[in-house]
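Student: Here's a structure for you.
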Amino acid sequence: MDKKIYERPILRKVVEGIPNKFGSLKRLRPIESIDNVLIDNLIDQYGSPVFVLSEKTIRETYRTAYRAFSTRYPKVQFAWSYKTNYIDAVCRVFHQEGAWAEVVSGFEYEKALDNNIPGNKIIFNGPDKSEEDLARAINNKSLIHIDHFDELYAIIEMLDELKERPQVAIRVNMDTGIVPQWDRFGFNYESGEAWNAINRILTNGNIDLIGLHIHVGTYITLSKAYATAIQKLAVLATRIFERFQISIGYIDVGGGFASQNTLQGAYLPATDTTPSFDDYAHTITTAMTSASFPNNETPTLILETGRALIDDAGWLAGTVLANKRLADGHRAMVIDTGVNILFTAFWYDHEIYPVHETSFQSEPTTIYGPLCMNIDIIRKNIDFPLLNKGDRFVIKRVGAYTMTQWMQFITYRPNIVLIDEKGKTHVIRKQEDKEVFRRQEMIPEHLKVN
Amino acid sequence: MSKLNSLAISDNGFIFKPATGESFTTNEMGLFIINLLKEGKSGDEIINAITEDFEIDNVTAGRDLYEFLDFLKRENMTD
Ligand SMILES: Cc1ncc(COP(=O)(O)O)c(C=O)c1O
């Protein structure tokens, strides 16, 4: 006679208030595949954990965003924010879709060149541009977004040696109602600093001021902040025209659109609260159209959207290492992905799913990574089905800032795999191995003998 | 196992504890174990009964059983 299927015994206290105002507790549906590729196969082939990117989702997301703006405003240009995810294959998908490159360091600038982006389609942002970086970018006719007076003076000092006239914009910071105000970047609007910088640039005569730039902040759910910013930049543009008879070619509103990941402590899930691309586009393009730019001109609208374009396309699949009871009776689950490769777990409540059907029962569980550190918490106290050692899980929406801000710690960073639109898989960043690190280290002669 | 006998346990795994008014849910395996406990069976006897009826090895069954027993104890359902 066949034995019955075993399921671990569980006992769970029924907590008051369930079903609560969000409805009754639902069974967590497993996610077995990404773009029809089985997650089991991905792990078997590429190891655990593994980052997976969907080319289809990247392209669809980009097209949705582009459509939202281009159907409402005549001149729209996206520039891919490299820091959000600068894996070359990812950048190239965005570039194929028509995005320029937005970079904030010499390293990112070189990546953009290696990805065959012409200099005049690279926006160079940030406070850290060396003189060599600046000279190269100016000679390539890249768009230099000046962050501070020291940078402006550095450019003025090198003018004689340059082959091209610098094409610059200034980054402006201002009160848009967003707290905290990102006033450490760029020139302040309200204090008159921005106007001051503009005067220095335009009285010089050898520098072309072609745009105005702002980056309000990140994960901005208040689209009105962009409208406020555009109104103030339009005032600057008007003053520039009145004083210098120069029209600004573009308004760059930076990045900052929220993704569908829920911030920790948020009352409602982000899927209910995050504005859509259409919402942002409506507010921003309405502000662009109703702002009175001088001479009735229509500046190009540049967007440096990062997070909202890539978060959904990224997945992190892995394996359960152990289950434990903590001293207070709480269930703990240890998985093979720590905060070193999922940095975003510090501020997001990442959605995590089992890969296979589980028992109906779930229990409040804290999910820990494998690092030997207290801070290594992937999810705190979520209702989660009881997975066993060796079972697999997948974490949703991990495309933004993970693959650039990850840290190597006690083990190697994993493979990153791209699923192309035909369902074929490609390693786009190899798992590290001992040699990667050995190559970087040098042993002084006197330490070579034991 | 007098404390266990004071609980109201339904066939579908719903447990009511009159002493505190708390409710609990358990699954088929939990019910199976509770019934054996009520019969006064020892841990080893229960493990044997589990491995006889279900597709599971001794070690896993034992580990899960003792965890379950801990929980019962913590919730003051056993002595
Ligand atoms: C200048 C600039 N542009 C664009 C971005 C991308 O922002 P997000 O990912 O919030 O869209 C950032 C991120 O901090 C930034 O600093």
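In the structure tokens, chains take letters A, B, ... by order of appearance, with residues numbered from 1 within each chain and ligands from 1 in the order shown.
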Taking only C-alpha atoms and all ligand atoms and a cut-off of 6 Å, can you tell me which residues surround ligand 1, written as number ranges by chain?
Tutor: A: 81, 84, 125, 215, 218-219, 254-257, 304-307
Student: Would you write out, as CSV, a table of all residues in chain B that have an atom no more than 7 Å from an atom of chain A, listing for each the closest atom pair and the distance in Å to one decimal, considering only C-alpha atoms and ordering rows by chain and rising residue number?
Tutor:
residue,atom,partner,partner_atom,distance
B:Ser23,CA,A:Val14,CA,5.3
B:Phe24,CA,A:Lys13,CA,4.3
B:Thr25,CA,A:Arg12,CA,5.3
B:Thr26,CA,A:Leu11,CA,4.5
B:Asn27,CA,A:Ile10,CA,6.1
B:Met29,CA,A:Pro9,CA,4.7
B:Gly30,CA,A:Pro9,CA,4.4
B:Asp53,CA,A:Lys3,CA,5.5
B:Phe54,CA,A:Lys4,CA,4.5
B:Glu55,CA,A:Lys3,CA,5.4
B:Ile56,CA,A:Tyr6,CA,6.2
B:Asp64,CA,A:Arg8,CA,6.3
B:Phe68,CA,A:Pro9,CA,6.5
Student: If you count only C-alpha atoms, which residues fall within 12 Å of region 150-156 of chain A, apart from same-chain ones fewer than 6 positions away, as a PyMOL selection string?
Tutor: chain A and resi 125-139+144+162+164-171+186-187+196-209
Student: Residues at most 8 Å from Gly43 (chain B), counting only C-alpha atoms, excluding those fewer than 3 positions away in the same chain, as a list in words?
Tutor: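 Contacts, in chain order: Ile46, Ile47 and Leu65 of chain B.
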Student: Between CA of Gly62 (chain B) and CA of Glu45 (chain B), measure the distance and give it in Å to one decimal.
Tutor: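 That distance, rounded to one decimal, is 10.5 Å.
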Student: Between CA of Pro275 (chain A) and CA of Val52 (chain A), what is the distance, to one decimal in Å?
Tutor: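 Interatomic distance here is 25.6 Å.
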Student: Can you tell me how far CA of Val235 (chain A) sits from CA of Pro180 (chain A), in Å to one decimal?
Tutor: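 CA of Pro180 (chain A) lies at a distance of 23.2 Å from CA of Val235 (chain A).
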Student: List every residue of region 315-379 of chain A that DSSP, applied to the backbone of this structure, assigns to strand (DSSP E or B), and report them as a PyMOL selection string.
Tutor: chain A and resi 315-325+331-335+348-349+352-354+362-368+377-379
Student: Go through A:Lys56, A:Arg239, A:Arg392, A:Arg72 and flag the residue nearest Ala313 (chain A), using only C-alpha atoms for the distances.
Tutor: A:Lys56
Student: Neighbouring residues of Ile378 (chain A) were defined as those with any atom within 8 Å, considering only C-alpha atoms; residues of the same chain fewer than 5 positions away were excluded. Please report them as a JSON list (two decimals) with all heavy atoms, in the first residue's frame.
Tutor:
[["chain", "number", "residue", "atom", "x", "y", "z"],
["A", 338, "GLY", "N", 21.90, 37.27, 0.20],
["A", 338, "GLY", "CA", 22.00, 38.22, 1.30],
["A", 338, "GLY", "C", 21.84, 39.65, 0.83],
["A", 338, "GLY", "O", 21.70, 39.91, -0.37],
["A", 339, "VAL", "N", 21.87, 40.57, 1.79],
["A", 339, "VAL", "CA", 21.73, 41.98, 1.43],
["A", 339, "VAL", "C", 22.91, 42.50, 0.62],
["A", 339, "VAL", "O", 22.82, 43.56, 0.02],
["A", 339, "VAL", "CB", 21.53, 42.88, 2.67],
["A", 339, "VAL", "CG1", 20.16, 42.67, 3.28],
["A", 339, "VAL", "CG2", 22.63, 42.66, 3.70],
["A", 342, "LEU", "N", 21.46, 42.09, -2.57],
["A", 342, "LEU", "CA", 20.11, 42.66, -2.64],
["A", 342, "LEU", "C", 20.05, 43.86, -1.70],
["A", 342, "LEU", "O", 19.31, 43.89, -0.73],
["A", 342, "LEU", "CB", 19.06, 41.61, -2.28],
["A", 342, "LEU", "CG", 17.63, 41.98, -2.71],
["A", 342, "LEU", "CD1", 17.54, 42.07, -4.22],
["A", 342, "LEU", "CD2", 16.63, 40.98, -2.19],
["A", 345, "ALA", "N", 16.97, 45.59, -0.28],
["A", 345, "ALA", "CA", 16.16, 45.05, 0.81],
["A", 345, "ALA", "C", 16.18, 45.98, 2.02],
["A", 345, "ALA", "O", 15.34, 45.87, 2.91],
["A", 345, "ALA", "CB", 16.65, 43.67, 1.21],
["A", 346, "PHE", "N", 17.13, 46.91, 2.04],
["A", 346, "PHE", "CA", 17.18, 47.86, 3.15],
["A", 346, "PHE", "C", 16.02, 48.85, 3.10],
["A", 346, "PHE", "O", 15.64, 49.41, 4.11],
["A", 346, "PHE", "CB", 18.50, 48.65, 3.15],
["A", 346, "PHE", "CG", 19.67, 47.82, 3.60],
["A", 346, "PHE", "CD1", 20.86, 47.84, 2.88],
["A", 346, "PHE", "CD2", 19.61, 47.05, 4.75],
["A", 346, "PHE", "CE1", 21.95, 47.08, 3.29],
["A", 346, "PHE", "CE2", 20.69, 46.28, 5.16],
["A", 346, "PHE", "CZ", 21.87, 46.30, 4.43],
["A", 350, "HIS", "N", 10.56, 43.72, -0.53],
["A", 350, "HIS", "CA", 10.57, 42.96, -1.78],
["A", 350, "HIS", "C", 9.55, 41.82, -1.74],
["A", 350, "HIS", "O", 9.39, 41.15, -0.72],
["A", 350, "HIS", "CB", 11.95, 42.35, -2.01],
["A", 350, "HIS", "CG", 12.92, 43.29, -2.65],
["A", 350, "HIS", "ND1", 12.72, 43.80, -3.90],
["A", 350, "HIS", "CD2", 14.09, 43.81, -2.22],
["A", 350, "HIS", "CE1", 13.72, 44.59, -4.21],
["A", 350, "HIS", "NE2", 14.57, 44.62, -3.21],
["A", 366, "THR", "N", 10.51, 35.48, 9.29],
["A", 366, "THR", "CA", 11.52, 36.46, 8.90],
["A", 366, "THR", "C", 12.52, 35.76, 8.01],
["A", 366, "THR", "O", 12.96, 34.64, 8.31],
["A", 366, "THR", "CB", 12.20, 37.07, 10.14],
["A", 366, "THR", "OG1", 11.21, 37.85, 10.84],
["A", 366, "THR", "CG2", 13.34, 38.01, 9.74],
["A", 367, "ILE", "N", 12.82, 36.39, 6.89],
["A", 367, "ILE", "CA", 13.70, 35.76, 5.91],
["A", 367, "ILE", "C", 15.07, 36.41, 5.98],
["A", 367, "ILE", "O", 15.21, 37.62, 5.78],
["A", 367, "ILE", "CB", 13.10, 35.88, 4.50],
["A", 367, "ILE", "CG1", 11.72, 35.20, 4.50],
["A", 367, "ILE", "CG2", 14.02, 35.27, 3.46],
["A", 367, "ILE", "CD1", 10.98, 35.31, 3.20],
["A", 368, "TYR", "N", 16.07, 35.60, 6.32],
["A", 368, "TYR", "CA", 17.44, 36.09, 6.47],
["A", 368, "TYR", "C", 18.30, 35.64, 5.30],
["A", 368, "TYR", "O", 18.09, 34.57, 4.75],
["A", 368, "TYR", "CB", 18.06, 35.52, 7.75],
["A", 368, "TYR", "CG", 17.42, 36.03, 9.02],
["A", 368, "TYR", "CD1", 16.45, 35.28, 9.68],
["A", 368, "TYR", "CD2", 17.80, 37.25, 9.57],
["A", 368, "TYR", "CE1", 15.85, 35.75, 10.84],
["A", 368, "TYR", "CE2", 17.21, 37.72, 10.73],
["A", 368, "TYR", "CZ", 16.24, 36.97, 11.37],
["A", 368, "TYR", "OH", 15.66, 37.44, 12.51],
["A", 369, "GLY", "N", 19.31, 36.46, 5.00],
["A", 369, "GLY", "CA", 20.33, 36.04, 4.05],
["A", 369, "GLY", "C", 21.38, 35.20, 4.76],
["A", 369, "GLY", "O", 21.29, 34.98, 5.97]]
Student: List the neighbours of Asn173 (chain A) out to 7 Å using only C-alpha atoms; skip same-chain residues closer than 3 positions along the sequence, and give me the result as a VMD selection string.
Tutor: chain A and resid 182 to 183 185 to 189 214
Student: Going by DSSP on the backbone, which residues of region 11-64 of chain B come out as helix (DSSP H, G or I)? List them as a count of residues only.
Tutor: 29
Student: Report as number ranges by chain all protein, DNA and RNA residues lying within 12 Å of Asp79 (chain B), evaluated on only C-alpha atoms, omitting residues in the same chain fewer than 6 positions from it.
Tutor: B: 1-5, 37, 69-73
